[in-house]
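Enquirer: File follows, coords_23.txt with compact mmCIF, C-alpha atoms and all ligand atoms:
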```txt
# COMPACT_ATOMS: atom_id res chain seq x y z
CA MET A 259 36.80 59.56 -86.64
CA PRO A 260 37.08 60.62 -82.97
CA HIS A 261 36.57 58.15 -80.16
CA ALA A 262 35.53 58.38 -76.54
CA LEU A 263 36.55 56.24 -73.63
CA THR A 264 34.35 55.76 -70.59
CA LEU A 265 35.89 54.79 -67.28
CA ASN A 266 34.13 53.59 -64.16
CA ALA A 267 36.73 52.96 -61.48
CA GLY A 268 35.63 51.14 -58.33
CA SER A 269 37.68 50.17 -55.29
CA SER A 270 39.24 47.16 -57.03
CA SER A 271 37.80 47.31 -60.53
CA LEU A 272 37.99 49.34 -63.70
CA LYS A 273 35.10 49.15 -66.14
CA PHE A 274 35.72 50.68 -69.54
CA GLY A 275 33.95 51.37 -72.80
CA PHE A 276 35.34 52.40 -76.19
CA PHE A 277 32.93 54.37 -78.36
CA GLU A 278 32.96 55.73 -81.89
CA LEU A 279 31.61 59.26 -81.91
CA GLY A 280 30.80 59.69 -85.60
CA SER A 281 32.22 62.40 -87.82
CA ASP A 282 29.99 65.39 -87.09
CA GLY A 283 29.33 64.93 -83.38
CA THR A 284 25.57 64.49 -83.67
CA GLN A 285 25.28 60.69 -83.71
CA ASP A 286 24.71 58.63 -80.61
CA PRO A 287 28.07 57.23 -79.44
CA ASP A 288 28.50 53.72 -80.81
CA PRO A 289 29.91 51.23 -78.28
CA ARG A 290 32.58 49.06 -79.95
CA ILE A 291 34.46 47.49 -77.03
CA VAL A 292 33.43 47.06 -73.40
CA GLY A 293 35.48 45.50 -70.66
CA LEU A 294 36.30 45.12 -67.01
CA ILE A 295 39.44 44.57 -64.99
CA GLU A 296 38.53 43.10 -61.62
CA ARG A 297 40.50 42.43 -58.45
CA ILE A 298 43.05 45.21 -59.04
CA GLY A 299 45.78 44.92 -56.42
CA GLY A 300 45.01 41.21 -55.92
CA GLN A 301 44.59 38.45 -58.51
CA PRO A 302 43.39 40.57 -61.43
CA HIS A 303 41.18 39.36 -64.26
CA LEU A 304 40.52 41.06 -67.59
CA ARG A 305 37.36 40.57 -69.60
CA ALA A 306 36.65 42.48 -72.80
CA THR A 307 34.24 41.95 -75.67
CA ARG A 308 33.61 43.54 -79.05
CA ASP A 309 30.23 44.94 -80.02
CA ASP A 310 29.47 41.79 -82.03
CA GLY A 311 29.81 39.76 -78.82
CA THR A 312 33.17 38.17 -79.60
CA VAL A 313 35.45 37.85 -76.62
CA ILE A 314 38.78 39.65 -76.84
CA SER A 315 40.00 38.51 -73.45
CA ASP A 316 38.63 36.59 -70.50
CA ALA A 317 41.68 35.62 -68.50
CA PRO A 318 43.63 36.27 -65.33
CA LEU A 319 46.39 38.89 -65.44
CA PRO A 320 49.67 38.68 -63.57
CA PRO A 321 49.31 40.72 -60.34
CA GLU A 322 51.85 43.35 -61.48
CA ALA A 323 49.80 44.02 -64.65
CA ALA A 324 47.05 45.57 -62.52
CA ALA A 325 48.72 46.38 -59.22
CA ASP A 326 46.84 49.69 -59.00
CA HIS A 327 44.48 51.81 -61.12
CA ALA A 328 47.28 53.38 -63.15
CA THR A 329 48.79 50.04 -64.19
CA ALA A 330 45.30 48.62 -64.81
CA LEU A 331 44.57 51.55 -67.13
CA GLU A 332 47.88 50.95 -68.91
CA ARG A 333 46.93 47.27 -69.38
CA MET A 334 43.57 48.29 -70.77
CA LEU A 335 45.26 50.70 -73.18
CA GLU A 336 47.54 47.91 -74.44
CA LEU A 337 44.44 45.93 -75.28
CA LEU A 338 42.92 48.94 -76.99
CA ARG A 339 46.08 49.69 -78.98
CA ALA A 340 46.19 46.08 -80.20
CA GLU A 341 42.50 46.17 -81.15
CA ARG A 342 42.35 49.71 -82.50
CA PRO A 343 45.86 50.93 -83.40
CA HIS A 344 44.44 54.08 -85.05
CA ALA A 345 42.05 55.09 -82.28
CA GLN A 346 41.88 58.83 -81.58
CA ILE A 347 40.69 59.23 -78.01
CA ALA A 348 39.31 62.78 -78.06
CA ALA A 349 37.25 62.55 -74.89
CA VAL A 350 37.29 60.49 -71.70
CA GLY A 351 34.13 60.31 -69.60
CA HIS A 352 34.44 59.31 -65.96
CA ARG A 353 31.86 58.05 -63.57
CA VAL A 354 32.39 60.06 -60.39
CA VAL A 355 30.09 59.11 -57.58
CA HIS A 356 29.94 62.45 -55.79
CA GLY A 357 29.49 65.93 -57.19
CA GLY A 358 28.73 67.34 -53.74
CA PRO A 359 26.34 70.29 -53.52
CA ASP A 360 28.09 72.03 -56.45
CA PHE A 361 27.66 69.90 -59.54
CA ALA A 362 24.25 69.25 -61.06
CA ALA A 363 25.60 68.40 -64.52
CA PRO A 364 28.71 66.85 -66.10
CA VAL A 365 31.80 69.06 -65.92
CA ALA A 366 35.09 69.26 -67.85
CA ILE A 367 37.90 68.35 -65.50
CA ASP A 368 40.78 70.75 -64.96
CA ALA A 369 43.10 71.11 -61.98
CA ALA A 370 40.63 73.28 -60.04
CA VAL A 371 37.73 70.87 -60.64
CA LEU A 372 39.91 67.93 -59.62
CA ASP A 373 40.75 69.72 -56.36
CA ARG A 374 37.05 70.38 -55.75
CA LEU A 375 36.18 66.72 -56.40
CA THR A 376 39.00 65.60 -54.12
CA ALA A 377 37.48 67.73 -51.37
CA PHE A 378 34.33 65.56 -51.64
CA GLU A 379 36.25 62.39 -50.76
CA PRO A 380 35.03 62.43 -47.15
CA LEU A 381 31.45 62.34 -48.50
CA ALA A 382 32.09 59.04 -50.31
CA PRO A 383 35.29 57.58 -48.89
CA LEU A 384 34.74 54.13 -50.37
CA HIS A 385 34.09 55.32 -53.93
CA GLN A 386 35.37 58.83 -54.67
CA PRO A 387 39.11 58.22 -54.13
CA PHE A 388 39.02 55.32 -56.61
CA ASN A 389 36.99 57.28 -59.15
CA LEU A 390 39.57 60.06 -58.94
CA ALA A 391 42.45 57.60 -59.20
CA GLY A 392 40.95 56.69 -62.59
CA VAL A 393 40.72 60.39 -63.50
CA ARG A 394 44.38 61.01 -62.63
CA ALA A 395 45.53 57.96 -64.55
CA ALA A 396 43.54 59.07 -67.61
CA LEU A 397 44.79 62.67 -67.39
CA ALA A 398 48.33 61.32 -67.55
CA ALA A 399 47.55 58.91 -70.39
CA PHE A 400 45.49 61.35 -72.53
CA PRO A 401 46.70 64.87 -71.79
CA GLN A 402 45.11 66.20 -75.02
CA ALA A 403 41.65 64.69 -74.50
CA VAL A 404 38.65 66.40 -72.93
CA GLN A 405 38.08 64.73 -69.57
CA VAL A 406 34.53 64.83 -68.27
CA ALA A 407 33.21 63.93 -64.83
CA CYS A 408 29.67 62.51 -64.73
CA PHE A 409 28.11 62.36 -61.28
CA ASP A 410 25.81 59.84 -59.66
CA THR A 411 24.45 62.64 -57.48
CA ALA A 412 23.74 65.16 -60.26
CA PHE A 413 20.35 63.78 -61.31
CA HIS A 414 18.98 64.42 -57.82
CA ARG A 415 20.38 67.91 -57.21
CA HIS A 416 17.07 69.64 -57.96
CA HIS A 417 14.86 67.48 -55.78
CA PRO A 418 12.76 69.39 -53.23
CA TRP A 419 14.41 70.68 -50.06
CA VAL A 420 12.39 68.33 -47.83
CA ASN A 421 14.13 65.45 -49.55
CA ASP A 422 17.48 67.22 -49.50
CA THR A 423 17.83 67.70 -45.78
CA PHE A 424 18.01 65.81 -42.51
CA ALA A 425 16.42 67.18 -39.34
CA LEU A 426 19.75 68.29 -37.90
CA PRO A 427 20.75 71.84 -36.95
CA ARG A 428 20.94 73.93 -40.16
CA SER A 429 24.71 74.33 -39.97
CA TYR A 430 25.14 70.66 -40.96
CA TYR A 431 23.11 71.21 -44.13
CA ASP A 432 25.24 74.23 -44.94
CA GLN A 433 28.42 72.19 -44.55
CA GLY A 434 27.11 69.59 -46.98
CA VAL A 435 25.36 66.99 -44.80
CA ARG A 436 22.48 66.47 -47.20
CA ARG A 437 20.51 63.77 -48.94
CA TYR A 438 22.33 63.54 -52.24
CA GLY A 439 20.94 60.35 -53.73
CA PHE A 440 22.98 58.14 -56.08
CA HIS A 441 22.65 55.91 -59.19
CA GLY A 442 21.83 59.12 -61.07
CA LEU A 443 23.43 57.98 -64.34
CA SER A 444 21.18 54.94 -64.38
CA TYR A 445 18.09 57.04 -63.59
CA GLU A 446 18.98 59.52 -66.29
CA TYR A 447 19.25 56.70 -68.80
CA ILE A 448 15.89 55.22 -67.77
CA ALA A 449 14.19 58.64 -67.90
CA GLY A 450 15.57 59.08 -71.44
CA ARG A 451 14.40 55.62 -72.55
CA LEU A 452 10.95 56.24 -71.11
CA ALA A 453 10.70 59.48 -73.08
CA GLU A 454 11.43 57.43 -76.23
CA ILE A 455 9.25 54.37 -75.66
CA ALA A 456 6.41 55.71 -73.46
CA PRO A 457 6.31 59.53 -73.48
CA HIS A 458 3.00 59.61 -71.59
CA LEU A 459 4.62 57.67 -68.72
CA HIS A 460 7.75 59.81 -68.81
CA ALA A 461 5.51 62.85 -68.32
CA GLY A 462 3.89 61.21 -65.30
CA ARG A 463 4.77 59.80 -61.87
CA VAL A 464 7.32 57.01 -62.07
CA ILE A 465 9.27 54.94 -59.57
CA VAL A 466 12.49 53.39 -60.85
CA ALA A 467 13.95 50.51 -58.85
CA HIS A 468 17.65 50.12 -59.65
CA LEU A 469 18.29 46.72 -58.09
CA GLY A 470 21.84 45.45 -58.46
CA ASN A 471 24.67 44.78 -56.07
CA GLY A 472 24.04 48.41 -55.10
CA ALA A 473 20.33 49.17 -54.94
CA SER A 474 18.17 52.26 -54.69
CA MET A 475 14.86 53.64 -55.87
CA CYS A 476 13.97 57.02 -57.30
CA GLY A 477 10.60 58.75 -57.61
CA MET A 478 10.37 61.01 -60.66
CA ILE A 479 7.83 63.38 -62.12
CA ALA A 480 8.31 64.29 -65.78
CA GLY A 481 11.74 62.68 -65.74
CA ARG A 482 13.04 64.71 -62.79
CA SER A 483 14.02 63.25 -59.44
CA ILE A 484 11.63 64.11 -56.61
CA ALA A 485 12.82 61.67 -53.97
CA SER A 486 15.34 58.88 -53.66
CA THR A 487 15.93 56.14 -51.13
CA MET A 488 19.65 56.88 -50.88
CA GLY A 489 20.73 59.77 -48.76
CA PHE A 490 24.02 61.23 -47.60
CA SER A 491 25.94 58.11 -48.51
CA ALA A 492 25.39 55.07 -50.68
CA LEU A 493 24.44 53.17 -47.49
CA ASP A 494 20.89 54.44 -47.02
CA GLY A 495 17.58 53.01 -48.21
CA LEU A 496 17.31 49.46 -49.53
CA PRO A 497 19.51 46.66 -48.22
CA MET A 498 22.13 45.76 -50.84
CA GLY A 499 24.56 42.94 -51.60
CA THR A 500 26.77 43.77 -48.64
CA ARG A 501 25.41 47.15 -47.42
CA SER A 502 22.88 47.45 -44.63
CA GLY A 503 20.55 50.02 -46.16
CA GLN A 504 18.43 52.15 -43.84
CA LEU A 505 19.40 51.79 -40.20
CA ASP A 506 18.31 53.50 -37.01
CA PRO A 507 21.26 55.81 -36.15
CA GLY A 508 20.83 54.52 -32.60
CA VAL A 509 22.31 51.22 -33.77
CA VAL A 510 25.55 53.00 -34.66
CA LEU A 511 25.62 54.66 -31.23
CA TYR A 512 25.06 51.29 -29.61
CA LEU A 513 27.91 49.70 -31.57
CA MET A 514 30.22 52.52 -30.48
CA GLN A 515 29.17 52.80 -26.87
CA HIS A 516 28.52 49.16 -25.96
CA GLU A 517 30.51 47.13 -28.45
CA GLY A 518 33.49 49.50 -28.44
CA MET A 519 33.60 49.58 -32.23
CA GLY A 520 35.50 52.35 -34.00
CA ALA A 521 34.58 54.15 -37.21
CA ASP A 522 36.59 51.84 -39.47
CA GLU A 523 35.07 48.71 -37.97
CA ILE A 524 31.56 50.10 -38.28
CA ALA A 525 32.20 51.16 -41.87
CA ASP A 526 33.45 47.64 -42.63
CA LEU A 527 30.33 46.14 -41.01
CA LEU A 528 27.84 48.42 -42.76
CA TYR A 529 29.45 48.50 -46.22
CA LYS A 530 30.95 45.04 -46.54
CA ARG A 531 29.37 42.53 -44.15
CA SER A 532 25.68 43.47 -44.01
CA GLY A 533 22.78 43.44 -46.47
CA LEU A 534 21.98 40.19 -48.28
CA LEU A 535 25.34 38.72 -47.29
CA GLY A 536 24.92 39.51 -43.60
CA LEU A 537 21.32 38.32 -43.42
CA SER A 538 21.85 35.11 -45.40
CA GLY A 539 25.27 34.28 -43.96
CA LEU A 540 25.86 32.90 -47.44
CA SER A 541 26.30 35.34 -50.29
CA ASN A 542 25.70 38.84 -51.61
CA ASP A 543 24.71 37.34 -54.95
CA MET A 544 20.98 37.15 -55.62
CA ARG A 545 21.38 34.18 -57.96
CA LYS A 546 23.05 32.14 -55.23
CA LEU A 547 20.37 33.12 -52.71
CA GLU A 548 17.58 32.14 -55.10
CA GLU A 549 19.23 28.76 -55.64
CA ALA A 550 20.02 28.17 -51.96
CA ASP A 551 17.58 26.10 -50.00
CA THR A 552 18.06 27.68 -46.58
CA ASP A 553 15.74 29.66 -44.33
CA ALA A 554 18.33 32.40 -43.93
CA ALA A 555 18.60 32.90 -47.72
CA ARG A 556 14.80 33.03 -48.02
CA GLU A 557 14.62 35.54 -45.16
CA ALA A 558 17.32 37.74 -46.74
CA ILE A 559 15.28 37.88 -49.96
CA ALA A 560 12.09 38.49 -47.96
CA TYR A 561 13.68 41.47 -46.19
CA PHE A 562 14.92 42.89 -49.54
CA VAL A 563 11.42 42.54 -51.03
CA PHE A 564 9.74 44.01 -47.94
CA ARG A 565 11.93 47.13 -48.06
CA ILE A 566 11.30 47.61 -51.79
CA ARG A 567 7.54 47.34 -51.26
CA ARG A 568 7.65 49.85 -48.39
CA GLU A 569 9.53 52.28 -50.60
CA VAL A 570 6.99 51.84 -53.41
CA GLY A 571 4.35 53.06 -50.96
CA GLY A 572 6.52 55.87 -49.59
CA LEU A 573 7.67 57.13 -52.96
CA ALA A 574 4.16 56.92 -54.42
CA ALA A 575 3.01 59.16 -51.55
CA ALA A 576 5.86 61.59 -52.29
CA LEU A 577 4.81 61.66 -55.97
CA GLY A 578 1.09 62.05 -55.21
CA GLY A 579 0.26 58.79 -56.99
CA LEU A 580 1.87 56.39 -59.41
CA ASP A 581 1.75 55.76 -63.15
CA ALA A 582 4.64 53.34 -63.63
CA LEU A 583 7.18 51.19 -61.83
CA VAL A 584 10.40 50.40 -63.73
CA PHE A 585 12.80 47.60 -62.79
CA CYS A 586 16.47 47.79 -63.79
CA GLY A 587 19.92 46.65 -62.57
CA GLY A 588 21.24 43.08 -62.49
CA ILE A 589 18.47 41.84 -60.17
CA GLY A 590 15.69 44.05 -61.51
CA GLU A 591 16.40 43.04 -65.11
CA ASN A 592 17.02 39.33 -64.56
CA SER A 593 15.07 38.01 -61.60
CA ALA A 594 11.46 37.27 -62.51
CA PRO A 595 10.78 35.73 -59.06
CA LEU A 596 11.97 38.89 -57.33
CA ARG A 597 9.79 41.15 -59.52
CA GLN A 598 6.86 38.85 -58.89
CA LYS A 599 7.32 39.08 -55.11
CA VAL A 600 7.60 42.87 -55.23
CA CYS A 601 4.36 43.22 -57.20
CA GLU A 602 2.32 40.59 -55.32
CA GLY A 603 -0.85 41.96 -53.73
CA MET A 604 -0.18 45.47 -55.08
CA GLY A 605 -3.68 45.72 -56.55
CA TRP A 606 -4.48 48.37 -53.93
CA ILE A 607 -2.13 50.77 -55.73
CA GLY A 608 -3.43 49.75 -59.17
CA MET A 609 -0.62 47.35 -60.08
CA GLU A 610 -1.24 43.93 -61.59
CA LEU A 611 1.58 41.77 -62.93
CA ASP A 612 1.22 39.53 -65.98
CA GLU A 613 3.08 36.39 -64.93
CA ALA A 614 3.87 35.18 -68.45
CA ARG A 615 5.21 38.59 -69.54
CA ASN A 616 7.22 38.76 -66.33
CA LEU A 617 8.80 35.37 -66.98
CA ARG A 618 9.75 36.50 -70.49
CA ALA A 619 11.06 39.82 -69.10
CA GLU A 620 9.09 41.77 -71.69
CA THR A 621 9.37 45.54 -71.57
CA ARG A 622 5.85 45.73 -70.19
CA ILE A 623 5.19 43.08 -67.55
CA SER A 624 1.88 44.41 -66.18
CA THR A 625 -1.47 43.20 -67.51
CA ASP A 626 -3.35 45.24 -70.10
CA LEU A 627 -5.82 46.27 -67.39
CA SER A 628 -3.24 47.27 -64.79
CA ARG A 629 -3.62 51.00 -64.11
CA VAL A 630 0.04 51.24 -63.08
CA ARG A 631 2.41 50.09 -65.84
CA VAL A 632 5.21 47.83 -64.70
CA LEU A 633 8.24 47.81 -66.98
CA VAL A 634 11.65 46.16 -67.28
CA ILE A 635 14.21 48.46 -68.93
CA PRO A 636 17.87 47.37 -69.06
CA THR A 637 19.93 50.30 -67.85
CA ASP A 638 23.09 51.63 -69.50
CA GLU A 639 25.20 54.02 -67.47
CA GLU A 640 28.09 53.87 -69.96
CA ILE A 641 26.14 55.43 -72.82
CA VAL A 642 25.09 58.31 -70.53
CA ILE A 643 28.78 58.96 -69.80
CA ALA A 644 29.74 58.63 -73.47
CA ARG A 645 27.04 61.13 -74.49
CA ALA A 646 28.25 63.61 -71.88
CA ALA A 647 31.81 63.20 -73.19
CA ARG A 648 30.61 63.76 -76.78
CA ASP A 649 28.61 66.86 -75.77
CA MET A 650 31.57 68.35 -73.93
CA LEU A 651 33.78 67.69 -76.94
CA ASN A 652 31.23 69.44 -79.17
CA GLN A 653 31.36 72.52 -76.94
CA ARG A 654 35.10 72.79 -77.38
CA PRO A 655 36.12 75.69 -79.65
P1 LIG B 1 24.63 44.60 -60.92
O1 LIG B 1 25.31 45.20 -59.72
O2 LIG B 1 23.62 45.53 -61.54
O3 LIG B 1 25.58 44.02 -61.93
O4 LIG B 1 23.77 43.36 -60.38
C1 LIG B 1 24.36 42.28 -59.73
C2 LIG B 1 23.27 41.45 -59.07
O5 LIG B 1 22.36 40.96 -60.07
C3 LIG B 1 23.81 40.22 -58.32
O6 LIG B 1 23.14 40.09 -57.07
C4 LIG B 1 23.39 39.09 -59.24
O7 LIG B 1 23.18 37.89 -58.55
C5 LIG B 1 22.07 39.61 -59.77
N1 LIG B 1 21.65 38.84 -60.95
C6 LIG B 1 22.22 38.81 -62.17
N2 LIG B 1 21.58 37.93 -62.97
C7 LIG B 1 20.58 37.37 -62.22
C8 LIG B 1 19.57 36.39 -62.45
N3 LIG B 1 19.44 35.80 -63.64
N4 LIG B 1 18.71 36.09 -61.45
C9 LIG B 1 18.83 36.71 -60.24
N5 LIG B 1 19.76 37.63 -59.96
C10 LIG B 1 20.62 37.97 -60.93
```
Do you think you could lay out the structure here as structure tokens?
Ligand code: AMP
Expert:
Amino acid sequence: MPHALTLNAGSSSLKFGFFELGSDGTQDPDPRIVGLIERIGGQPHLRATRDDGTVISDAPLPPEAAADHATALERMLELLRAERPHAQIAAVGHRVVHGGPDFAAPVAIDAAVLDRLTAFEPLAPLHQPFNLAGVRAALAAFPQAVQVACFDTAFHRHHPWVNDTFALPRSYYDQGVRRYGFHGLSYEYIAGRLAEIAPHLHAGRVIVAHLGNGASMCGMIAGRSIASTMGFSALDGLPMGTRSGQLDPGVVLYLMQHEGMGADEIADLLYKRSGLLGLSGLSNDMRKLEEADTDAAREAIAYFVFRIRREVGGLAAALGGLDALVFCGGIGENSAPLRQKVCEGMGWIGMELDEARNLRAETRISTDLSRVRVLVIPTDEEIVIARAARDMLNQRP
């Protein structure tokens, strides 16, 4: 039976999934092992679990076992070989953050595609090089397998031009300075789940709030992206764990002209020291902020909530109304207090939260009378990648 591997390589992490594909290629990929190597290049840690929940590993690794992405992949393969000595990896699906203006769907990776994706590195300098390091390591480890790139930008590639552009001279648009939008694999998963569990909502106007360490929101009609809060980079829109979110570009000019900051320093500030961490002075972790009894932590949460609520209004206007709001991501799925704050006083838009359902994190957390449905749907980017890998394998002669 063929298997697929999914890889999601971040700057210092490698998330992986091992899936059974079934014998005739029509079944949904079955996740059997999932895992994560964190702190690659530092003090690495490997966690992996089987589909029945048993833990295969949850322990530190010696630094040389995951000194870079290639050695981390090798370490992961050792684990896989021990667990599944007869695995036949026929396809490897990769999360690749940026497909640039070219790719609106998953693509099989060959040398030309890899060159094209490498050319997009300046569009996502903090993600793309690491994603592609994972691709190169997997190409070397599985030269016979189909390798498939799945893009966070692809889901948004057909959104209307007014949400694709900035008001800059046209030449910048032509050279690729556009609003790409991200978290597309998560939005694709949620759109698919909605089609299964609430087809009438899927056909309508839906806002999905993907609230995790990275956070964005997407307005969809009939399961297609119309507008997203993220733009050219994964910095725009909502504040995040450590990223600033939307910022007046004048602030960047000020930092350059009056604080003498260079591009690297500003990137470090906006990507790593801002957002919930910067505002709270405490942590990027929502759980810690909810537990902390400080004004700064409360204000950081208040700013996060305020920006989400503003975007609900803005996206609803872009959609011409609203039928459902979906929460997903680590915060969206797990924080009842956060969902409660977002939905408070939203009766004007037809939204009424059921507090008991919210506390239980039921799929539907709005009241029976609420005109706008409010839902909690756990997202699953890995299965989207595994399905794309299966489909590409099926297309192979
Ligand atoms: P993600 O990037 O999707 O894994 O989400 C990570 C974020 O989810 C972190 O800010 C966590 O603190 C937050 N999170 C996870 N579980 C909870 C919880 N039970 N309550 C509040 N926040 C949570």
Enquirer: Give me, please, the distance in Å between CA of Gly503 (chain A) and CA of Ala525 (chain A), quoted to one decimal.
Expert: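 Separation between CA of Gly503 (chain A) and CA of Ala525 (chain A): 12.5 Å.
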Enquirer: Which one of A:Gly293, A:Gly283, A:Gly489, A:Gly275 sits closest to Pro260 (chain A) if you count all atoms listed in the file?
Expert: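 Looking at the shortest contact to Pro260 (chain A), the residue is A:Gly283.
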Enquirer: For CA of Asp326 (chain A) and CA of Ile367 (chain A), determine how far apart the two atoms are, in Å to one decimal place.
Expert: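 Distance between the two atoms: 21.7 Å.
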Enquirer: Using all atoms listed in the file, which residues of the polymer chains come no farther than 8 Å from ligand LIG 1 (chain B)? I'd like the answer as a count of residues only.
Expert: 23
Enquirer: Between CA of Glu639 (chain A) and CA of Ser281 (chain A), what is the distance, to one decimal in Å?
Expert: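 CA of Glu639 (chain A) sits 23.1 Å away from CA of Ser281 (chain A).
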Enquirer: From the list A:Ala574, A:Leu426, A:Val406, A:Leu511, which residue is nearest Met650 (chain A) when using only C-alpha atoms?
Expert: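 When distances to Met650 (chain A) are compared using only C-alpha atoms, the smallest one comes from A:Val406.
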Enquirer: Which residue, A:Ile295, A:Leu265, A:Val350, A:Ile607, has the smallest gap to Asp649 (chain A) when you use only C-alpha atoms?
Expert: A:Val350
Enquirer: Excluding Cys408 (chain A) and its own-chain neighbours fewer than 5 positions away, which residues fall within 9 Å of it when counting all atoms listed in the file? Please give them as a PyMOL selection string.
Expert: chain A and resi 351-357+363-365+443+642-643+646-647
Enquirer: Go ahead and dump the residues you just picked, C-alpha atoms, as a PDB file, in the coordinates of the input.
Expert:
```pdb
ATOM      1  CA  GLY A 351      34.130  60.310 -69.600  1.00  0.00           C
ATOM      2  CA  HIS A 352      34.440  59.310 -65.960  1.00  0.00           C
ATOM      3  CA  ARG A 353      31.860  58.050 -63.570  1.00  0.00           C
ATOM      4  CA  VAL A 354      32.390  60.060 -60.390  1.00  0.00           C
ATOM      5  CA  VAL A 355      30.090  59.110 -57.580  1.00  0.00           C
ATOM      6  CA  HIS A 356      29.940  62.450 -55.790  1.00  0.00           C
ATOM      7  CA  GLY A 357      29.490  65.930 -57.190  1.00  0.00           C
ATOM      8  CA  ALA A 363      25.600  68.400 -64.520  1.00  0.00           C
ATOM      9  CA  PRO A 364      28.710  66.850 -66.100  1.00  0.00           C
ATOM     10  CA  VAL A 365      31.800  69.060 -65.920  1.00  0.00           C
ATOM     11  CA  LEU A 443      23.430  57.980 -64.340  1.00  0.00           C
ATOM     12  CA  VAL A 642      25.090  58.310 -70.530  1.00  0.00           C
ATOM     13  CA  ILE A 643      28.780  58.960 -69.800  1.00  0.00           C
ATOM     14  CA  ALA A 646      28.250  63.610 -71.880  1.00  0.00           C
ATOM     15  CA  ALA A 647      31.810  63.200 -73.190  1.00  0.00           C
TER      16      ALA A 647
END
```
Enquirer: When you look at Ala340 (chain A) with a cut-off of 12 Å (counting all atoms listed in the file), what residues show up, excluding the ones that are within fewer than 5 positions of it in the same chain? I need them as a PDB file with C-alpha atoms, keeping the file's coordinate frame.
Expert:
```pdb
ATOM      1  CA  ILE A 314      38.780  39.650 -76.840  1.00  0.00           C
ATOM      2  CA  SER A 315      40.000  38.510 -73.450  1.00  0.00           C
ATOM      3  CA  ARG A 333      46.930  47.270 -69.380  1.00  0.00           C
ATOM      4  CA  MET A 334      43.570  48.290 -70.770  1.00  0.00           C
ATOM      5  CA  LEU A 335      45.260  50.700 -73.180  1.00  0.00           C
ATOM      6  CA  ALA A 345      42.050  55.090 -82.280  1.00  0.00           C
TER       7      ALA A 345
END
```
Enquirer: What's around region 387-390 of chain A at 8 Å? Count all atoms listed in the file, leave out sequence neighbours fewer than 3 positions away in its own chain, and write the answer as a list in words.
Expert: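 Near region 387-390 of chain A, the qualifying residues are Asn266, Ala267, Gly268, Ser269, His327, His352, Arg353, Val354, Val355, Leu372, Leu375, Thr376, Glu379, Pro383, Leu384, Val393 and Arg394 of chain A.
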Enquirer: Pull the neighbourhood of (0.5, 57.3, -61.4) for me: all residues within 12 Å in file coordinates, counting only C-alpha atoms, as a ChimeraX atom specification.
Expert: /A:458-465,477-480,570-571,573-583,607-609,628-632
Enquirer: Would you list the contacts of region 302-313 of chain A as a list in words, taking every protein, DNA or RNA residue within 7 Å and counting only C-alpha atoms, but skipping same-chain residues closer than 4 positions in sequence?
Expert: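 Once the adjacent positions are removed, what remains is Pro289, Arg290, Ile291, Val292, Gly293, Leu294, Ile295, Glu296, Arg297, Ile298, Ala317, Pro318, Leu319, Pro320, Pro321 and Ala324 of chain A.
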Enquirer: If you count all atoms listed in the file, which residues fall within 9 Å of region 532-535 of chain A, apart from same-chain ones fewer than 6 positions away, as a VMD selection string?
Expert: chain A and resid 496 to 503 526 541 to 544 547 555 558 to 559 561 to 562
Enquirer: Edge lengths and centre in Å to one decimal, as JSON, of the axis-aligned box that encloses all listed atoms of region 307-326 of chain A with 3 Å added on every side?
Expert:
```
{"center_x": 40.7, "center_y": 42.7, "center_z": -70.5, "size_x": 28.4, "size_y": 20.1, "size_z": 29.0}
```
Enquirer: Counting all atoms listed in the file, figure out which residue out of A:Ala407, A:Ile484, A:Asp368, A:Ala391 gets nearest to Trp419 (chain A).
Expert: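 Checking each of A:Ala407, A:Ile484, A:Asp368, A:Ala391 against Trp419 (chain A), counting all atoms listed in the file, the winner is A:Ile484.
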